[in-house]
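Trainee: Dropping a structure here in structure tokens format, bear with me for questions.
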Amino acid sequence: MSGLPDLDSLKLLVDVGELGSLGQAARAAGIAQPSASKRVVQLERRLGLPLVERTPRGSTLTAEGRMVAGWAVQVLAAAEELMRAVQAVRRGEAAHLRVAASMTVAEYLVPRWLGELQHREPEVQVGLDVVNSADVAARVLAEEVELGFVEGPSVPEGLGSRVVGTDRLVVVVAPDHPWARRRTPLRGAELAATPLVVREPGSGTRETLEVAFKDLRLHRAGPRLELGSNSAVKGAAQAGAAPAVLSAYAVEAEVATGRLVEVPLVGLDLVRDLCAVWRRGRPLTGPATTLLAIASPP
């Protein structure tokens with residue numbers, strides 16, 4: 001005996017025993033009778049046993065054939081159970097999506113996108129990790145999440161990407177700060193020379209600001225404070241600790257209500273892309289594809 005018999009041949013043998021003829025078994029399998037006959041012969045050779053006795057009245061199983069058919073029923077049942085289990089796993093994977101997003105994108109854009117995803121695919125359960133842009137990239141590369149959203153001037157190596165929007169960084173100060181009353185726009189060199197309240201290293205906001213200073217070869221003063229969230233940076237700026245540079249999304253409400261004042265800025269490009277990222281070479285599937293389409297409609 002060489003090799004294992006294939007499931008289709010075992011099913012054909014079982015059908016011969018149950019239906020009483022090779023012709024009916026062939027029709028049940030959706031194949032021509034000569035093909036069915038050839039398959040039975042190959043199975044007999046593989047197992048080294050006579051399985052089917054051909055008579056003018058039809059085909060019947062030999063004693064050996066009945067034993068093999070009995071075992072085959074168990075094998076086929078186990079195979080069906082295997083496929084049911086695999087399909088259940090596939091359904092479970094399809095119903096779960098893990099996403100990571102930088103803080104600005106997570107707070108101001110992702111909720112709307114996830115709401116639309118739930119509307120389109122209500123069975124999908126989404127897990128969202130909110131971290132800075134560097135950590136988003138690391139989690140996508142490590143395949144801890146399937147899709148990520150980052151902010152900043154660049155996309156790390158190994159990631160595919162698509163622009164899903166743009167953002168603008170703005171300078172904000174407390175209402176009693178001297179810059180709140182200035183009549184001329186702030187210039188990049190003056191901003192660079194001022195200790196600021198900034199986000200932590202790895203933040204897309206921090207990286208965008210540093211790249212903008214570097215492009216103009218501006219010497220940058222050390223930060224007054226480094227804080228790990230937009231809310232903390234806003235709170236420090238409102239308390240008068242120092243000016244801050246944050247996403248226009250993040251300070252929209254505070255500027256509208258007068259709790260922070262936006263300072264006009266010239267000569268420094270602080271517009272950045274917001275990007276969806278995924279591991280290059282691993283195509284997106286299922287709800288990840290839907291979410292990307294929602295975030296970046298044609």
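Identifiers for the structure tokens are assigned positionally: chains receive A, B, ... in sequence, residues are indexed from 1 per chain, and ligands are indexed from 1 in the order shown.
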List as a count of residues only the protein and nucleic acid residues near Val261 (chain A), meaning an atom at most 6 Å away when only C-alpha atoms are counted, but skip any in the same chain fewer than 4 places from it.
Mentor: 5
Trainee: Which of region 60-256 of chain A counts as strand (DSSP E or B) under DSSP, as a ChimeraX atom specification please?
Mentor: /A:60-61,96-101,125-130,147-152,159-173,186-187,197-199,225-227,244-247
Trainee: Compile the contact shell of region 223-228 of chain A as a list in words: residues with an atom at most 10 Å away, counting only C-alpha atoms, same-chain residues fewer than 3 positions apart removed.
Mentor: Met103, Val131, Asn132, Ala192, Ala193, Thr194, Pro195, Leu196, Val197, Val198, Arg199, Glu200, Pro201, Gly202, Ser203, Arg206, Arg220, Ser231, Ala232, Val233, Lys234, Ala236, Ala237, Ala241, Ala242, Pro243 and Ala244 of chain A
Trainee: I need the residue nearest Gly240 (chain A) from this list: A:Arg259, A:Arg279, A:Arg57, A:Arg187. Use only C-alpha atoms for the distance.
Mentor: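 Among the listed residues, A:Arg259 lies closest to Gly240 (chain A).
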Trainee: Calculated over only C-alpha atoms, which of the candidates A:Pro5, A:Pro153, A:Pro50, A:Gly23 has the smallest distance to Val211 (chain A)?
Mentor: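 Checking each candidate against Val211 (chain A), we get A:Pro153 as the closest.
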